[in-house]
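First the structure, in the form of structure tokens, and then the observations on it.
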Amino acid sequence: MPIALFRVDERLIHGQVVVGWGKHLGVDRIAVIDDEVVASPWERDLYCLGVPSEVGVVFASVQDARHELAVWRADPRRIIVLVRDVETLARLAQHQLLDHEEINLGGIHFAPGRERLLPYLFLSPEECERLREVARSGAVITARDLPGTRPVTLDDLLPEE
Amino acid sequence: MTRYPASVRARVLLRSFLIQGSWNYETLIGPGFAFTLLPALRYLHKQRGESGVPQAGGPDGATGETLEQAVARHVELFNSHPYFATVAVGAVAKMEADGTPPAIIERFKLALRGSLGSLGDRLVWSAWRPMTAIIGVVLFLAGAPWWAAVASFLIVYNSLHFAVRYLGLRMGARSGLDLGGVLREAPIQPVAERASQIACALIGLAVVLAVSVTENNPGRLAMAVVAVALGLALGSRTRKILTGLLWAAVAFALLLGLLGYGA
């Protein structure tokens, strides 16, 4: 079964993901790919809090996830994969690992240096460039906060180079 | 928070009622969070200033952080369910007192904010509020005066609201970083499920009561049909059947009230 949702969202697990997407897609598992969270038991506990008991949660480092991705794609259970930022996404995308994968930009908040592209999406020029690289490696990137809203393609999102 | 005097704890609890007071799109309830935490930060700052002993981490500790700088860290983006936010405030107050490094506190708040929102949505918005509102509707349909129906809704609804704020603050303050494990044991999901079940049963009762008052009265029956259709249409926009039925019941009760039924 292909990955049900591959999402970049700095909040990782939260209501929009669990209720908005999880219920809509009928997912069985949520995978969080984050080097810091995977090494921190109290952080993992906190992220698990917001997940209903029938949905499983997996944590993986970027290194491990590069192997796990194939396993997840082959698994019959439906899975949401979450990364915190564009940097993590770009590291995963190396060697065309995300070729033909649909990537959902779900929520990156304001920080100094970032510009507002959508109400839920703020990106720095460097992050935009990284996203273009990921797209060139074969990934199909769109921005969309919830299943009910209209997706915005990367071409519409980023100004011409 | 156990290290804080009762007056500081009480002030934090009272301020938590205003946590959404400066809600905005950029930092959400961040400023409210800092406002709620402020009595605790002031207390710590004063204590450490007087003792003259520098402590690692925390406000005015070895880092020489001023009160203003400590507050500045907490006005940044934060979001949570407004009632459950006291859990985060309590835990952060404990960590500030323990001298936990600001970077860890920052990551703690980031990890917590989504989870508290999700817990609060499931318990309060999608279970407790529909259930308590339908209690009021049923009482009204059963012949209670309107003010008694409204009062019973407010009292039952806020009993949980106040309990979450008070117990949440205490739980957060006792657990600090271990909050995740402690919150998992809290009976939030069972209460939410039970409230949903009760709400469904009460909606059934409301329908029976509504039909019984429309007997031999085609005008009222038509109103009931319109109210149910309206409610379902409104509810389907929020994709929640329970909310839809609740709107239906409320609309019907309002129409009856306008026509003087039950007066």
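Letters A, B, ... go to the chains of the structure tokens in the order shown; residues in each chain start at 1; ligands are counted from 1 in the same order.
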
With the cut-off set at 12 Å and counting only C-alpha atoms, tabulate each residue of chain B with an atom at most that distance from an atom of chain A, showing the nearest atom pair and its distance in Å to one decimal, ordered by chain and increasing number, as JSON lines.
{"residue": "B:Tyr25", "atom": "CA", "partner": "A:Pro119", "partner_atom": "CA", "distance": 8.9}
{"residue": "B:Glu26", "atom": "CA", "partner": "A:Phe110", "partner_atom": "CA", "distance": 7.3}
{"residue": "B:Thr27", "atom": "CA", "partner": "A:Phe110", "partner_atom": "CA", "distance": 8.9}
{"residue": "B:Leu28", "atom": "CA", "partner": "A:His109", "partner_atom": "CA", "distance": 11.2}
{"residue": "B:Glu76", "atom": "CA", "partner": "A:Ala111", "partner_atom": "CA", "distance": 10.2}
{"residue": "B:Leu77", "atom": "CA", "partner": "A:His109", "partner_atom": "CA", "distance": 8.9}
{"residue": "B:Phe78", "atom": "CA", "partner": "A:Arg11", "partner_atom": "CA", "distance": 10.8}
{"residue": "B:Asn79", "atom": "CA", "partner": "A:Arg11", "partner_atom": "CA", "distance": 10.3}
{"residue": "B:Ser80", "atom": "CA", "partner": "A:His14", "partner_atom": "CA", "distance": 10.0}
{"residue": "B:His81", "atom": "CA", "partner": "A:Gly15", "partner_atom": "CA", "distance": 10.5}
{"residue": "B:Ala88", "atom": "CA", "partner": "A:Leu46", "partner_atom": "CA", "distance": 11.2}
{"residue": "B:Ile104", "atom": "CA", "partner": "A:Glu43", "partner_atom": "CA", "distance": 10.1}
{"residue": "B:Ile105", "atom": "CA", "partner": "A:Glu43", "partner_atom": "CA", "distance": 11.1}
{"residue": "B:Glu106", "atom": "CA", "partner": "A:Glu43", "partner_atom": "CA", "distance": 11.5}
{"residue": "B:Arg107", "atom": "CA", "partner": "A:Glu43", "partner_atom": "CA", "distance": 8.1}
{"residue": "B:Phe108", "atom": "CA", "partner": "A:Glu43", "partner_atom": "CA", "distance": 6.9}
{"residue": "B:Lys109", "atom": "CA", "partner": "A:Leu46", "partner_atom": "CA", "distance": 9.7}
{"residue": "B:Leu110", "atom": "CA", "partner": "A:Arg11", "partner_atom": "CA", "distance": 7.0}
{"residue": "B:Ala111", "atom": "CA", "partner": "A:Tyr47", "partner_atom": "CA", "distance": 5.8}
{"residue": "B:Leu112", "atom": "CA", "partner": "A:Leu46", "partner_atom": "CA", "distance": 5.7}
{"residue": "B:Arg113", "atom": "CA", "partner": "A:His14", "partner_atom": "CA", "distance": 8.0}
{"residue": "B:Gly114", "atom": "CA", "partner": "A:His14", "partner_atom": "CA", "distance": 4.2}
{"residue": "B:Ser115", "atom": "CA", "partner": "A:Gly50", "partner_atom": "CA", "distance": 4.2}
{"residue": "B:Leu116", "atom": "CA", "partner": "A:Gly50", "partner_atom": "CA", "distance": 7.0}
{"residue": "B:Gly117", "atom": "CA", "partner": "A:Gly15", "partner_atom": "CA", "distance": 6.6}
{"residue": "B:Ser118", "atom": "CA", "partner": "A:Gly15", "partner_atom": "CA", "distance": 4.8}
{"residue": "B:Leu119", "atom": "CA", "partner": "A:Gly50", "partner_atom": "CA", "distance": 6.0}
{"residue": "B:Gly120", "atom": "CA", "partner": "A:Gly50", "partner_atom": "CA", "distance": 9.4}
{"residue": "B:Asp121", "atom": "CA", "partner": "A:Gly15", "partner_atom": "CA", "distance": 7.9}
{"residue": "B:Arg122", "atom": "CA", "partner": "A:Gly15", "partner_atom": "CA", "distance": 9.3}
{"residue": "B:Leu123", "atom": "CA", "partner": "A:Gly50", "partner_atom": "CA", "distance": 11.5}
{"residue": "B:Ser126", "atom": "CA", "partner": "A:Val19", "partner_atom": "CA", "distance": 11.5}
{"residue": "B:Ser175", "atom": "CA", "partner": "A:Trp42", "partner_atom": "CA", "distance": 11.1}
{"residue": "B:Gly176", "atom": "CA", "partner": "A:Trp42", "partner_atom": "CA", "distance": 10.1}
{"residue": "B:Leu177", "atom": "CA", "partner": "A:Trp42", "partner_atom": "CA", "distance": 6.5}
{"residue": "B:Asp178", "atom": "CA", "partner": "A:Trp42", "partner_atom": "CA", "distance": 6.2}
{"residue": "B:Leu179", "atom": "CA", "partner": "A:Leu46", "partner_atom": "CA", "distance": 7.4}
{"residue": "B:Gly180", "atom": "CA", "partner": "A:Leu46", "partner_atom": "CA", "distance": 4.5}
{"residue": "B:Gly181", "atom": "CA", "partner": "A:Asp45", "partner_atom": "CA", "distance": 6.1}
{"residue": "B:Val182", "atom": "CA", "partner": "A:Asp45", "partner_atom": "CA", "distance": 9.5}
{"residue": "B:Leu183", "atom": "CA", "partner": "A:Leu49", "partner_atom": "CA", "distance": 7.5}
{"residue": "B:Arg184", "atom": "CA", "partner": "A:Leu49", "partner_atom": "CA", "distance": 6.2}
{"residue": "B:Glu185", "atom": "CA", "partner": "A:Leu49", "partner_atom": "CA", "distance": 10.0}
{"residue": "B:Ala186", "atom": "CA", "partner": "A:Leu49", "partner_atom": "CA", "distance": 10.6}
{"residue": "B:Ile188", "atom": "CA", "partner": "A:Leu49", "partner_atom": "CA", "distance": 10.6}
{"residue": "B:Gln189", "atom": "CA", "partner": "A:Pro52", "partner_atom": "CA", "distance": 8.5}
{"residue": "B:Pro190", "atom": "CA", "partner": "A:Ser53", "partner_atom": "CA", "distance": 11.4}
{"residue": "B:Ala192", "atom": "CA", "partner": "A:Pro52", "partner_atom": "CA", "distance": 11.8}
{"residue": "B:Glu193", "atom": "CA", "partner": "A:Pro52", "partner_atom": "CA", "distance": 11.7}
{"residue": "B:Arg237", "atom": "CA", "partner": "A:Gly148", "partner_atom": "CA", "distance": 10.8}
{"residue": "B:Thr238", "atom": "CA", "partner": "A:Gly148", "partner_atom": "CA", "distance": 11.0}
{"residue": "B:Arg239", "atom": "CA", "partner": "A:Gly20", "partner_atom": "CA", "distance": 10.2}
{"residue": "B:Lys240", "atom": "CA", "partner": "A:Val19", "partner_atom": "CA", "distance": 11.5}

How about saving the chosen residues, N, CA and C atoms kept, as a short mmCIF file (atom, residue, chain, number, x, y, z; two decimals), in the first residue's frame?
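Result went into result-v7.cif, see below:
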data_model
loop_
_atom_site.label_atom_id
_atom_site.label_comp_id
_atom_site.auth_asym_id
_atom_site.auth_seq_id
_atom_site.Cartn_x
_atom_site.Cartn_y
_atom_site.Cartn_z
N TYR B 25 -3.19 35.78 14.88
CA TYR B 25 -2.81 34.77 13.90
C TYR B 25 -1.34 34.43 13.91
N GLU B 26 -0.51 35.31 14.45
CA GLU B 26 0.91 35.04 14.36
C GLU B 26 1.42 34.21 15.53
N THR B 27 0.99 34.55 16.76
CA THR B 27 1.52 33.80 17.90
C THR B 27 0.40 33.06 18.65
N LEU B 28 -0.83 33.13 18.12
CA LEU B 28 -1.98 32.43 18.72
C LEU B 28 -2.09 32.76 20.21
N GLU B 76 6.25 33.88 22.58
CA GLU B 76 6.33 33.29 21.24
C GLU B 76 5.14 32.37 20.98
N LEU B 77 5.02 31.97 19.72
CA LEU B 77 3.91 31.12 19.30
C LEU B 77 3.63 29.96 20.25
N PHE B 78 2.39 29.87 20.70
CA PHE B 78 1.95 28.69 21.42
C PHE B 78 0.48 28.47 21.10
N ASN B 79 0.09 27.22 21.07
CA ASN B 79 -1.33 26.95 20.88
C ASN B 79 -1.71 25.71 21.65
N SER B 80 -2.96 25.65 22.02
CA SER B 80 -3.44 24.54 22.83
C SER B 80 -4.93 24.75 22.96
N HIS B 81 -5.62 23.74 23.46
CA HIS B 81 -7.00 23.98 23.84
C HIS B 81 -6.97 24.96 25.01
N ALA B 88 0.02 22.90 30.43
CA ALA B 88 1.31 23.37 29.92
C ALA B 88 1.89 24.44 30.84
N ILE B 104 15.21 23.28 26.19
CA ILE B 104 14.40 22.08 26.49
C ILE B 104 12.94 22.50 26.70
N ILE B 105 12.74 23.62 27.42
CA ILE B 105 11.37 24.10 27.66
C ILE B 105 10.70 24.41 26.33
N GLU B 106 11.48 24.99 25.42
CA GLU B 106 10.97 25.33 24.09
C GLU B 106 10.48 24.07 23.36
N ARG B 107 11.29 23.03 23.38
CA ARG B 107 10.91 21.79 22.70
C ARG B 107 9.74 21.11 23.39
N PHE B 108 9.71 21.25 24.71
CA PHE B 108 8.59 20.69 25.47
C PHE B 108 7.27 21.33 25.03
N LYS B 109 7.29 22.66 24.93
CA LYS B 109 6.05 23.37 24.53
C LYS B 109 5.65 22.99 23.11
N LEU B 110 6.64 22.83 22.24
CA LEU B 110 6.35 22.47 20.85
C LEU B 110 5.70 21.08 20.77
N ALA B 111 6.23 20.14 21.55
CA ALA B 111 5.70 18.77 21.52
C ALA B 111 4.31 18.71 22.15
N LEU B 112 4.09 19.58 23.14
CA LEU B 112 2.85 19.52 23.90
C LEU B 112 1.69 20.20 23.19
N ARG B 113 2.00 21.23 22.40
CA ARG B 113 0.91 22.09 21.94
C ARG B 113 -0.08 21.36 21.04
N GLY B 114 0.41 20.47 20.18
CA GLY B 114 -0.51 19.74 19.33
C GLY B 114 -1.34 18.75 20.12
N SER B 115 -0.70 18.08 21.07
CA SER B 115 -1.39 17.05 21.84
C SER B 115 -2.48 17.64 22.72
N LEU B 116 -2.20 18.77 23.36
CA LEU B 116 -3.21 19.37 24.24
C LEU B 116 -4.41 19.84 23.41
N GLY B 117 -4.13 20.34 22.20
CA GLY B 117 -5.22 20.76 21.34
C GLY B 117 -6.11 19.58 20.97
N SER B 118 -5.47 18.48 20.63
CA SER B 118 -6.20 17.29 20.21
C SER B 118 -7.01 16.69 21.36
N LEU B 119 -6.42 16.63 22.56
CA LEU B 119 -7.15 16.12 23.73
C LEU B 119 -8.36 16.99 24.03
N GLY B 120 -8.14 18.31 23.99
CA GLY B 120 -9.22 19.24 24.30
C GLY B 120 -10.34 19.18 23.27
N ASP B 121 -9.97 19.06 21.99
CA ASP B 121 -10.98 18.96 20.94
C ASP B 121 -11.85 17.74 21.17
N ARG B 122 -11.20 16.61 21.47
CA ARG B 122 -11.96 15.37 21.61
C ARG B 122 -12.82 15.38 22.86
N LEU B 123 -12.29 15.93 23.96
CA LEU B 123 -13.07 15.91 25.20
C LEU B 123 -14.11 17.02 25.25
N SER B 126 -15.99 18.23 21.01
CA SER B 126 -16.81 17.27 20.28
C SER B 126 -17.57 16.29 21.18
N SER B 175 4.21 17.17 37.32
CA SER B 175 4.90 16.24 36.41
C SER B 175 6.08 16.85 35.67
N GLY B 176 6.00 18.12 35.27
CA GLY B 176 7.08 18.69 34.47
C GLY B 176 7.30 17.89 33.20
N LEU B 177 8.56 17.52 32.97
CA LEU B 177 8.92 16.80 31.74
C LEU B 177 8.23 15.45 31.60
N ASP B 178 7.81 14.84 32.73
CA ASP B 178 7.19 13.51 32.66
C ASP B 178 5.70 13.59 32.32
N LEU B 179 5.26 14.77 31.93
CA LEU B 179 3.83 14.99 31.73
C LEU B 179 3.18 13.99 30.77
N GLY B 180 3.91 13.63 29.71
CA GLY B 180 3.34 12.75 28.70
C GLY B 180 2.81 11.46 29.30
N GLY B 181 3.64 10.81 30.12
CA GLY B 181 3.24 9.55 30.75
C GLY B 181 2.07 9.75 31.69
N VAL B 182 2.09 10.86 32.47
CA VAL B 182 1.03 11.11 33.45
C VAL B 182 -0.31 11.40 32.76
N LEU B 183 -0.26 12.23 31.72
CA LEU B 183 -1.50 12.59 31.01
C LEU B 183 -2.14 11.38 30.34
N ARG B 184 -1.28 10.44 29.90
CA ARG B 184 -1.80 9.26 29.23
C ARG B 184 -2.69 8.45 30.18
N GLU B 185 -2.34 8.51 31.49
CA GLU B 185 -3.10 7.76 32.49
C GLU B 185 -4.39 8.48 32.87
N ALA B 186 -4.47 9.78 32.58
CA ALA B 186 -5.66 10.55 32.97
C ALA B 186 -6.88 10.07 32.18
N ILE B 188 -9.18 10.86 30.23
CA ILE B 188 -9.76 11.82 29.29
C ILE B 188 -10.59 11.13 28.22
N GLN B 189 -10.00 10.11 27.60
CA GLN B 189 -10.69 9.40 26.53
C GLN B 189 -11.98 8.72 27.02
N PRO B 190 -11.94 8.00 28.18
CA PRO B 190 -13.18 7.38 28.67
C PRO B 190 -14.29 8.40 28.93
N ALA B 192 -14.66 11.30 27.47
CA ALA B 192 -15.13 11.78 26.17
C ALA B 192 -16.09 10.77 25.54
N GLU B 193 -15.73 9.50 25.60
CA GLU B 193 -16.59 8.48 24.99
C GLU B 193 -17.93 8.38 25.71
N ARG B 237 -21.81 20.57 7.60
CA ARG B 237 -20.72 21.48 7.21
C ARG B 237 -19.55 21.35 8.16
N THR B 238 -19.81 20.96 9.40
CA THR B 238 -18.70 20.73 10.32
C THR B 238 -18.32 19.26 10.36
N ARG B 239 -18.99 18.46 9.53
CA ARG B 239 -18.69 17.04 9.42
C ARG B 239 -18.84 16.30 10.73
N LYS B 240 -19.75 16.73 11.55
CA LYS B 240 -19.97 16.00 12.79
C LYS B 240 -21.45 15.75 12.96
#

Helix (DSSP H, G or I) positions in range 34-103 of chain A, given as a PyMOL selection string: chain A and resi 35-38+41-49+62-74+86-96

Write out, as a PDB file, in the first residue's frame, the residues just selected, with C-alpha atoms.
ATOM      1  CA  ASP A  35      16.358  12.685  14.700  1.00  0.00           C
ATOM      2  CA  GLU A  36      15.738  14.710  17.858  1.00  0.00           C
ATOM      3  CA  VAL A  37      12.366  13.256  18.812  1.00  0.00           C
ATOM      4  CA  VAL A  38      13.454   9.667  18.252  1.00  0.00           C
ATOM      5  CA  PRO A  41      11.516   9.506  25.455  1.00  0.00           C
ATOM      6  CA  TRP A  42       9.564  12.352  27.076  1.00  0.00           C
ATOM      7  CA  GLU A  43       9.068  14.015  23.697  1.00  0.00           C
ATOM      8  CA  ARG A  44       7.806  10.767  22.152  1.00  0.00           C
ATOM      9  CA  ASP A  45       5.346  10.412  25.062  1.00  0.00           C
ATOM     10  CA  LEU A  46       4.021  13.925  24.456  1.00  0.00           C
ATOM     11  CA  TYR A  47       3.507  13.406  20.723  1.00  0.00           C
ATOM     12  CA  CYS A  48       1.718  10.073  21.335  1.00  0.00           C
ATOM     13  CA  LEU A  49      -0.828  11.791  23.618  1.00  0.00           C
ATOM     14  CA  VAL A  62      16.260   9.994   9.029  1.00  0.00           C
ATOM     15  CA  GLN A  63      18.920   7.291   8.619  1.00  0.00           C
ATOM     16  CA  ASP A  64      16.522   4.474   9.599  1.00  0.00           C
ATOM     17  CA  ALA A  65      13.643   5.968   7.657  1.00  0.00           C
ATOM     18  CA  ARG A  66      15.598   5.692   4.432  1.00  0.00           C
ATOM     19  CA  HIS A  67      15.378   1.902   4.858  1.00  0.00           C
ATOM     20  CA  GLU A  68      11.924   1.840   6.464  1.00  0.00           C
ATOM     21  CA  LEU A  69      10.246   3.745   3.615  1.00  0.00           C
ATOM     22  CA  ALA A  70      10.298   0.669   1.374  1.00  0.00           C
ATOM     23  CA  VAL A  71       8.909  -1.459   4.223  1.00  0.00           C
ATOM     24  CA  TRP A  72       6.094   1.038   4.878  1.00  0.00           C
ATOM     25  CA  ARG A  73       5.194   1.166   1.198  1.00  0.00           C
ATOM     26  CA  ALA A  74       4.958  -2.642   1.098  1.00  0.00           C
ATOM     27  CA  VAL A  86      12.081  21.078   4.604  1.00  0.00           C
ATOM     28  CA  GLU A  87      15.620  20.181   5.688  1.00  0.00           C
ATOM     29  CA  THR A  88      14.545  16.721   6.904  1.00  0.00           C
ATOM     30  CA  LEU A  89      12.529  16.222   3.726  1.00  0.00           C
ATOM     31  CA  ALA A  90      15.525  17.133   1.576  1.00  0.00           C
ATOM     32  CA  ARG A  91      17.751  14.675   3.462  1.00  0.00           C
ATOM     33  CA  LEU A  92      15.200  11.912   2.915  1.00  0.00           C
ATOM     34  CA  ALA A  93      14.861  12.764  -0.748  1.00  0.00           C
ATOM     35  CA  GLN A  94      18.538  12.144  -1.518  1.00  0.00           C
ATOM     36  CA  HIS A  95      19.298   9.467  -4.127  1.00  0.00           C
ATOM     37  CA  GLN A  96      15.776   9.872  -5.491  1.00  0.00           C
TER      38      GLN A  96
END

Point-to-point distance in Å for CA of Val75 in chain B and CA of Ile19 in chain B: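 Taking CA of Ile19 in chain B and CA of Val75 in chain B, their separation equals 11.5 Å.
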
Polymer residues at most 10 Å from Ala39 in chain A, only C-alpha atoms, same-chain spacing of 6 or more positions, as a ChimeraX atom specification: /A:59-61

Shell of 12 Å around Gly26 in chain A, only C-alpha atoms, local chain residues under 4 positions omitted, as an MDAnalysis selection string: chainID A and resid 4:5 17:22 30 54:55 77:80
